[in-house]
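One file, run-v9.cif, carrying mmCIF, C-alpha atoms and all ligand atoms:
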```
data_final
loop_
_atom_site.group_PDB
_atom_site.id
_atom_site.type_symbol
_atom_site.label_atom_id
_atom_site.label_comp_id
_atom_site.auth_asym_id
_atom_site.auth_seq_id
_atom_site.Cartn_x
_atom_site.Cartn_y
_atom_site.Cartn_z
ATOM 1 C CA MET A 65 0.000 0.000 0.000
ATOM 2 C CA SER A 66 2.748 2.446 0.955
ATOM 3 C CA ARG A 67 4.416 1.875 -2.403
ATOM 4 C CA GLN A 68 1.229 3.011 -4.067
ATOM 5 C CA LEU A 69 1.067 5.984 -1.727
ATOM 6 C CA SER A 70 4.680 6.817 -2.580
ATOM 7 C CA LEU A 71 3.800 6.581 -6.243
ATOM 8 C CA LEU A 72 0.831 8.884 -5.844
ATOM 9 C CA ALA A 73 2.778 11.307 -3.697
ATOM 10 C CA GLY A 74 5.684 11.518 -6.115
ATOM 11 C CA PRO A 75 8.840 9.551 -6.830
ATOM 12 C CA PRO A 76 9.974 6.994 -4.236
ATOM 13 C CA ALA A 77 12.679 7.951 -1.759
ATOM 14 C CA ASP A 78 16.236 8.127 -3.083
ATOM 15 C CA GLY A 79 17.603 4.760 -4.081
ATOM 16 C CA LEU A 80 14.313 2.916 -3.826
ATOM 17 C CA ARG A 81 12.228 1.464 -6.584
ATOM 18 C CA LEU A 82 8.715 0.164 -6.794
ATOM 19 C CA ALA A 83 9.552 -3.311 -5.572
ATOM 20 C CA PRO A 84 6.972 -6.074 -5.226
ATOM 21 C CA GLU A 85 5.349 -6.507 -1.833
ATOM 22 C CA PRO A 86 7.502 -8.415 0.659
ATOM 23 C CA THR A 87 6.601 -12.038 1.349
ATOM 24 C CA ARG A 88 5.145 -12.403 4.860
ATOM 25 C CA ILE A 89 6.377 -15.390 6.905
ATOM 26 C CA ASP A 90 4.187 -16.192 9.903
ATOM 27 C CA LEU A 91 6.258 -17.624 12.769
ATOM 28 C CA GLY A 92 3.219 -18.057 15.041
ATOM 29 C CA GLN A 93 2.273 -16.436 18.369
ATOM 30 C CA GLY A 94 2.247 -12.988 16.820
ATOM 31 C CA ALA A 95 5.776 -13.197 15.369
ATOM 32 C CA TRP A 96 6.272 -12.502 11.673
ATOM 33 C CA LEU A 97 8.937 -11.716 9.100
ATOM 34 C CA ASP A 98 8.764 -9.830 5.822
ATOM 35 C CA HIS A 99 11.329 -10.523 3.105
ATOM 36 C CA ALA A 100 11.616 -8.482 -0.088
ATOM 37 C CA PRO A 101 14.603 -9.523 -2.223
ATOM 38 C CA ASN A 102 16.262 -6.787 -4.326
ATOM 39 C CA TRP A 103 14.351 -4.032 -2.559
ATOM 40 C CA PHE A 104 17.035 -1.363 -2.863
ATOM 41 C CA HIS A 105 17.807 -0.588 -6.483
ATOM 42 C CA ASP A 106 21.476 0.461 -6.248
ATOM 43 C CA PRO A 107 23.004 -1.512 -3.379
ATOM 44 C CA GLU A 108 26.551 -1.364 -4.792
ATOM 45 C CA THR A 109 26.660 2.448 -4.555
ATOM 46 C CA LEU A 110 25.076 2.418 -1.100
ATOM 47 C CA LEU A 111 27.654 -0.105 0.151
ATOM 48 C CA ASP A 112 30.465 2.022 -1.202
ATOM 49 C CA ASP A 113 29.053 5.301 0.136
ATOM 50 C CA LEU A 114 28.338 3.954 3.628
ATOM 51 C CA THR A 115 31.707 2.204 3.850
ATOM 52 C CA HIS A 116 33.486 5.510 3.214
ATOM 53 C CA GLU A 117 31.110 8.072 4.727
ATOM 54 C CA LEU A 118 30.068 6.600 8.096
ATOM 55 C CA GLU A 119 32.201 6.760 11.230
ATOM 56 C CA TRP A 120 32.698 3.095 11.977
ATOM 57 C CA ARG A 121 33.659 2.021 15.488
ATOM 58 C CA THR A 122 34.977 -1.166 16.991
ATOM 59 C CA LEU A 123 33.099 -2.048 20.170
ATOM 60 C CA LYS A 124 34.686 -4.072 22.968
ATOM 61 C CA ARG A 125 33.055 -6.671 25.126
ATOM 62 C CA PRO A 126 34.154 -8.884 28.016
ATOM 63 C CA MET A 127 34.726 -12.542 27.178
ATOM 64 C CA TYR A 128 35.799 -14.806 30.036
ATOM 65 C CA ASP A 129 38.638 -12.840 31.676
ATOM 66 C CA GLN A 130 39.503 -10.777 28.612
ATOM 67 C CA ILE A 131 38.193 -7.737 26.755
ATOM 68 C CA VAL A 132 37.800 -8.560 23.065
ATOM 69 C CA ASP A 133 36.705 -6.693 19.938
ATOM 70 C CA VAL A 134 33.142 -7.246 18.788
ATOM 71 C CA PRO A 135 33.616 -8.972 15.409
ATOM 72 C CA ARG A 136 32.131 -6.297 13.145
ATOM 73 C CA LEU A 137 32.188 -2.502 12.859
ATOM 74 C CA ILE A 138 29.210 -0.546 14.125
ATOM 75 C CA THR A 139 27.656 2.883 13.977
ATOM 76 C CA ALA A 140 24.277 4.034 15.311
ATOM 77 C CA TYR A 141 22.087 7.119 15.140
ATOM 78 C CA LYS A 142 19.061 8.288 17.048
ATOM 79 C CA ARG A 143 16.145 9.777 15.186
ATOM 80 C CA GLY A 144 17.088 13.303 14.147
ATOM 81 C CA GLN A 145 20.780 12.401 13.764
ATOM 82 C CA VAL A 146 20.475 9.989 10.850
ATOM 83 C CA PRO A 147 22.925 10.823 8.007
ATOM 84 C CA ASP A 148 21.365 12.233 4.837
ATOM 85 C CA ARG A 149 22.280 9.096 2.892
ATOM 86 C CA LEU A 150 19.961 6.995 5.092
ATOM 87 C CA VAL A 151 17.064 9.405 5.701
ATOM 88 C CA GLY A 152 15.085 8.381 2.601
ATOM 89 C CA LEU A 153 15.525 4.680 3.301
ATOM 90 C CA ALA A 154 14.372 5.039 6.942
ATOM 91 C CA ALA A 155 11.424 7.207 5.856
ATOM 92 C CA ASP A 156 10.324 4.608 3.352
ATOM 93 C CA VAL A 157 10.364 1.859 6.000
ATOM 94 C CA GLU A 158 8.459 4.159 8.348
ATOM 95 C CA GLN A 159 5.827 4.890 5.740
ATOM 96 C CA ARG A 160 5.431 1.264 4.763
ATOM 97 C CA TYR A 161 4.941 0.027 8.341
ATOM 98 C CA GLY A 162 3.225 3.110 9.763
ATOM 99 C CA ARG A 163 5.490 3.258 12.799
ATOM 100 C CA PRO A 164 7.955 6.058 13.613
ATOM 101 C CA PHE A 165 11.488 4.729 13.806
ATOM 102 C CA ARG A 166 13.572 5.465 16.898
ATOM 103 C CA SER A 167 17.037 4.673 15.611
ATOM 104 C CA VAL A 168 19.120 3.510 12.684
ATOM 105 C CA ALA A 169 22.147 1.301 13.356
ATOM 106 C CA CYS A 170 24.584 -0.090 10.812
ATOM 107 C CA ASN A 171 26.878 -3.110 10.969
ATOM 108 C CA LEU A 172 29.848 -3.540 8.657
ATOM 109 C CA TYR A 173 30.909 -7.170 8.204
ATOM 110 C CA ARG A 174 34.369 -6.847 6.681
ATOM 111 C CA ASP A 175 34.629 -10.527 5.747
ATOM 112 C CA GLY A 176 33.378 -13.954 6.765
ATOM 113 C CA ALA A 177 35.092 -13.735 10.165
ATOM 114 C CA ASP A 178 32.725 -10.933 11.181
ATOM 115 C CA SER A 179 29.433 -12.026 12.711
ATOM 116 C CA VAL A 180 26.796 -11.391 15.341
ATOM 117 C CA ALA A 181 26.042 -14.007 17.993
ATOM 118 C CA TRP A 182 22.581 -15.202 19.018
ATOM 119 C CA HIS A 183 20.611 -12.415 20.655
ATOM 120 C CA THR A 184 17.338 -10.536 20.733
ATOM 121 C CA ASP A 185 17.309 -6.802 20.119
ATOM 122 C CA ARG A 186 16.604 -4.578 23.092
ATOM 123 C CA VAL A 187 13.616 -2.551 21.974
ATOM 124 C CA PRO A 188 11.027 -0.677 24.056
ATOM 125 C CA GLU A 189 8.234 -3.022 22.950
ATOM 126 C CA PRO A 190 9.717 -6.505 22.380
ATOM 127 C CA GLY A 191 6.197 -7.887 21.933
ATOM 128 C CA ASN A 192 5.266 -5.361 19.251
ATOM 129 C CA CYS A 193 8.291 -4.296 17.279
ATOM 130 C CA ILE A 194 9.283 -3.380 13.769
ATOM 131 C CA ILE A 195 12.963 -3.997 13.043
ATOM 132 C CA ALA A 196 13.769 -3.551 9.375
ATOM 133 C CA ILE A 197 17.117 -4.712 8.005
ATOM 134 C CA VAL A 198 18.325 -3.506 4.625
ATOM 135 C CA SER A 199 21.262 -5.649 3.558
ATOM 136 C CA VAL A 200 23.830 -4.533 0.994
ATOM 137 C CA GLY A 201 26.927 -6.303 -0.220
ATOM 138 C CA GLN A 202 27.764 -9.959 0.219
ATOM 139 C CA PRO A 203 24.751 -12.197 0.871
ATOM 140 C CA ARG A 204 24.919 -13.683 4.373
ATOM 141 C CA PRO A 205 22.651 -16.096 6.233
ATOM 142 C CA LEU A 206 20.509 -14.739 9.038
ATOM 143 C CA LEU A 207 19.474 -17.485 11.463
ATOM 144 C CA MET A 208 16.436 -17.423 13.726
ATOM 145 C CA ARG A 209 15.536 -19.802 16.540
ATOM 146 C CA PRO A 210 12.855 -19.780 19.255
ATOM 147 C CA ALA A 211 14.222 -18.117 22.405
ATOM 148 C CA GLY A 212 13.288 -21.147 24.516
ATOM 149 C CA GLY A 213 14.919 -23.599 22.094
ATOM 150 C CA GLY A 214 13.723 -25.212 18.903
ATOM 151 C CA PRO A 215 14.711 -25.669 15.281
ATOM 152 C CA THR A 216 16.758 -22.960 13.593
ATOM 153 C CA ARG A 217 15.373 -21.281 10.501
ATOM 154 C CA ARG A 218 17.786 -19.956 7.924
ATOM 155 C CA PHE A 219 17.236 -16.965 5.639
ATOM 156 C CA THR A 220 19.711 -15.589 3.130
ATOM 157 C CA LEU A 221 19.839 -11.804 3.029
ATOM 158 C CA GLY A 222 21.030 -10.836 -0.428
ATOM 159 C CA ASP A 223 22.355 -7.611 -1.890
ATOM 160 C CA GLY A 224 19.606 -4.964 -1.588
ATOM 161 C CA ASP A 225 17.156 -7.146 0.354
ATOM 162 C CA LEU A 226 14.673 -5.842 2.922
ATOM 163 C CA PHE A 227 14.044 -8.185 5.880
ATOM 164 C CA VAL A 228 11.709 -7.166 8.689
ATOM 165 C CA MET A 229 11.267 -8.803 12.096
ATOM 166 C CA GLY A 230 7.872 -7.779 13.436
ATOM 167 C CA GLY A 231 5.308 -8.373 16.132
ATOM 168 C CA THR A 232 6.566 -10.580 18.979
ATOM 169 C CA THR A 233 9.849 -11.625 17.296
ATOM 170 C CA GLN A 234 12.053 -9.862 19.848
ATOM 171 C CA ALA A 235 10.172 -11.460 22.738
ATOM 172 C CA LEU A 236 10.061 -14.990 21.320
ATOM 173 C CA TRP A 237 12.908 -15.424 18.821
ATOM 174 C CA GLU A 238 16.684 -14.966 18.742
ATOM 175 C CA HIS A 239 18.684 -14.149 15.642
ATOM 176 C CA ALA A 240 22.316 -14.388 14.550
ATOM 177 C CA VAL A 241 24.600 -13.875 11.560
ATOM 178 C CA PRO A 242 27.179 -16.683 11.773
ATOM 179 C CA LYS A 243 30.785 -16.601 10.654
ATOM 180 C CA THR A 244 31.393 -18.097 7.256
ATOM 181 C CA LYS A 245 34.514 -19.225 5.399
ATOM 182 C CA HIS A 246 34.644 -16.824 2.492
ATOM 183 C CA ALA A 247 32.683 -13.586 2.285
ATOM 184 C CA GLY A 248 33.200 -10.086 0.986
ATOM 185 C CA PRO A 249 31.980 -6.955 2.776
ATOM 186 C CA ARG A 250 28.353 -6.558 3.800
ATOM 187 C CA ILE A 251 26.526 -3.720 5.564
ATOM 188 C CA SER A 252 23.227 -4.211 7.370
ATOM 189 C CA ILE A 253 21.156 -1.113 8.050
ATOM 190 C CA MET A 254 18.782 -1.691 10.970
ATOM 191 C CA VAL A 255 15.812 0.661 11.213
ATOM 192 C CA ARG A 256 14.208 0.082 14.632
ATOM 193 C CA SER A 257 10.879 1.339 15.885
HETATM 194 O O1 LIG A 301 23.367 -7.845 10.253
HETATM 195 C C1 LIG A 301 22.249 -8.292 10.425
HETATM 196 O O2 LIG A 301 21.534 -8.653 9.497
HETATM 197 C C2 LIG A 301 21.713 -8.439 11.819
HETATM 198 C C3 LIG A 301 22.426 -7.570 12.827
HETATM 199 C C4 LIG A 301 21.834 -7.675 14.201
HETATM 200 O O3 LIG A 301 21.213 -8.641 14.527
HETATM 201 C C5 LIG A 301 22.018 -6.591 15.174
HETATM 202 O O4 LIG A 301 22.753 -5.624 14.905
HETATM 203 O O5 LIG A 301 21.424 -6.668 16.252
#
```

Using structure tokens, write down the structure from this file.
Amino acid sequence: MSRQLSLLAGPPADGLRLAPEPTRIDLGQGAWLDHAPNWFHDPETLLDDLTHELEWRTLKRPMYDQIVDVPRLITAYKRGQVPDRLVGLAADVEQRYGRPFRSVACNLYRDGADSVAWHTDRVPEPGNCIIAIVSVGQPRPLLMRPAGGGPTRRFTLGDGDLFVMGGTTQALWEHAVPKTKHAGPRISIMVRS
């Protein structure tokens, strides 16, 4: 619907095209995913621009008795501080899902050794969230498993894909991006409500 609204209101936000509706995957108990492959029309340029324009940081975390680097580069912005390059993308997600976003965070996976471990995102409403991921660069698997245990589901997020975790996903499911043997750079842009 929002695509049609965008069309009526004028051209879509910068970098976006009139993509088909995402496929909705019902995980049960109010948890759902949306996946729209090839949603962003020029992912190569976005990957290049974000790689060079954003201020990437290495976070540290305790592991056993050591402090280690988090295996990916990160940058995050609150609403109102989002760089120009990402404003249109965040606005399009907001319009599509009808929920104001609170923040935009980006992860840069330099190669296959970069990853994110199993976790749920800390959001104000874990039982009613919209977390949109726009993935650019190397396709990587995103795994999801029930927080209390259960079979893992595997999704591949390709170059330019939109993947949304909605409803109760952050209360009931964990997600991870595992290490892989060979992979080029990938950036995930997380628009969180
Ligand atoms: O890179 C991704 O697709 C997921 C990243 C993630 O789960 C996070 O930053 O919390």

Handout entry: Picked residues, the PyMOL selection byres (((not hetatm)) within 9 of (chain A and resi 301)), as a ChimeraX atom specification
Key = /A:138,169-173,179-186,197-199,204-206,221,227,238-241,250-254

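In this structure, CA of Thr115 in chain A sits 10.9 Å away from CA of Thr139 in chain A.
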
Practice task
Provide the CA of Pro203 in chain A to CA of Thr220 in chain A distance in Å, to one decimal place.
Solution key: 6.5 Å

Problem - Nearby residues (all atoms listed in the file) at most 10 Å from Gly213 in chain A, same-chain spacing under 2 positions excluded, as a VMD selection string - result: chain A and resid 209 to 211 215 to 216 236 to 238

Selection above as a file: C-alpha atoms, as a short mmCIF file (atom, residue, chain, number, x, y, z; two decimals), in the frame of the given file:
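Result file is part_14.cif:
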```cif
data_model
loop_
_atom_site.label_atom_id
_atom_site.label_comp_id
_atom_site.auth_asym_id
_atom_site.auth_seq_id
_atom_site.Cartn_x
_atom_site.Cartn_y
_atom_site.Cartn_z
CA ARG A 209 15.54 -19.80 16.54
CA PRO A 210 12.86 -19.78 19.26
CA ALA A 211 14.22 -18.12 22.40
CA PRO A 215 14.71 -25.67 15.28
CA THR A 216 16.76 -22.96 13.59
CA LEU A 236 10.06 -14.99 21.32
CA TRP A 237 12.91 -15.42 18.82
CA GLU A 238 16.68 -14.97 18.74
#
```

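Evaluated on this file, the PyMOL selection byres (((chain A and resi 133) around 12) and not hetatm) matches Arg121, Thr122, Leu123, Lys124, Arg125, Pro126, Met127, Gln130, Ile131, Val132, Val134, Pro135, Arg136, Leu137, Ile138, Asp178, Ser179 and Val180 of chain A.
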
Pull C-alpha atoms from the residues just selected and write them as a compact mmCIF listing (two decimals), in the coordinates of the input.
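The result, stored in selection-v4.txt:
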```txt
# COMPACT_ATOMS: atom_id res chain seq x y z
CA ARG A 121 33.66 2.02 15.49
CA THR A 122 34.98 -1.17 16.99
CA LEU A 123 33.10 -2.05 20.17
CA LYS A 124 34.69 -4.07 22.97
CA ARG A 125 33.06 -6.67 25.13
CA PRO A 126 34.15 -8.88 28.02
CA MET A 127 34.73 -12.54 27.18
CA GLN A 130 39.50 -10.78 28.61
CA ILE A 131 38.19 -7.74 26.76
CA VAL A 132 37.80 -8.56 23.06
CA VAL A 134 33.14 -7.25 18.79
CA PRO A 135 33.62 -8.97 15.41
CA ARG A 136 32.13 -6.30 13.14
CA LEU A 137 32.19 -2.50 12.86
CA ILE A 138 29.21 -0.55 14.12
CA ASP A 178 32.72 -10.93 11.18
CA SER A 179 29.43 -12.03 12.71
CA VAL A 180 26.80 -11.39 15.34
```

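Using only C-alpha atoms for every distance, the candidate list A:Leu110, A:Leu226, A:Ala177, A:Cys193 yields A:Ala177 as the residue closest to Pro242 in chain A.
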
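Closest approach to Thr233 in chain A from the set A:His105, A:Arg143, A:Gly212, A:Gly191 is made by A:Gly191, with distances taken over all atoms listed in the file.
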
Practice task
Go through the shown structure with the PyMOL selection byres (((chain A and resi 195) around 8) and not hetatm) and write out the matching residues as a PyMOL selection string.
Solution key: chain A and resi 193-194+196-197+228-230+254-257

Exercise for the section: Tell me, in Å to one decimal, how far CA of Arg149 in chain A is from CA of Gly248 in chain A. Expected result: 22.2 Å

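With distances restricted to all atoms listed in the file, A:Val200 is the closest residue to Asp225 in chain A from A:Val200, A:Lys245, A:Asp175, A:Trp120.
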
Return as JSON the box centre and box size in Å, one decimal, for an axis-aligned box around all listed atoms of range 151-161 of chain A padded by 4 Å per side.
```
{"center_x": 11.0, "center_y": 4.7, "center_z": 5.5, "size_x": 20.1, "size_y": 17.4, "size_z": 13.7}
```

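The residue that comes closest to Glu117 in chain A, out of A:Gly152, A:Pro147, A:His246, A:Gly214 and on the basis of only C-alpha atoms, is A:Pro147.
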
Exercise for the section: Write out as number ranges by chain which residues come within 6 Å of Tyr141 in chain A when counting all atoms listed in the file, dropping same-chain ones fewer than 4 positions away. Expected result: A: 145-146, 167-168

Filtering to C-alpha atoms, could you give me those residues as a PDB file, in the frame of the given file?
```
ATOM      1  CA  GLN A 145      20.780  12.401  13.764  1.00  0.00           C
ATOM      2  CA  VAL A 146      20.475   9.989  10.850  1.00  0.00           C
ATOM      3  CA  SER A 167      17.037   4.673  15.611  1.00  0.00           C
ATOM      4  CA  VAL A 168      19.120   3.510  12.684  1.00  0.00           C
TER       5      VAL A 168
END
```

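Nearest to Lys142 in chain A of all the residues A:Tyr128, A:Arg217, A:Arg166, A:Glu158 is A:Arg166, based on only C-alpha atoms.
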
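Between Glu108 in chain A and the candidates A:Asp148, A:Asp129, A:Asp223, A:Glu189, the tightest atom-to-atom separation, counting all atoms listed in the file, involves A:Asp223.
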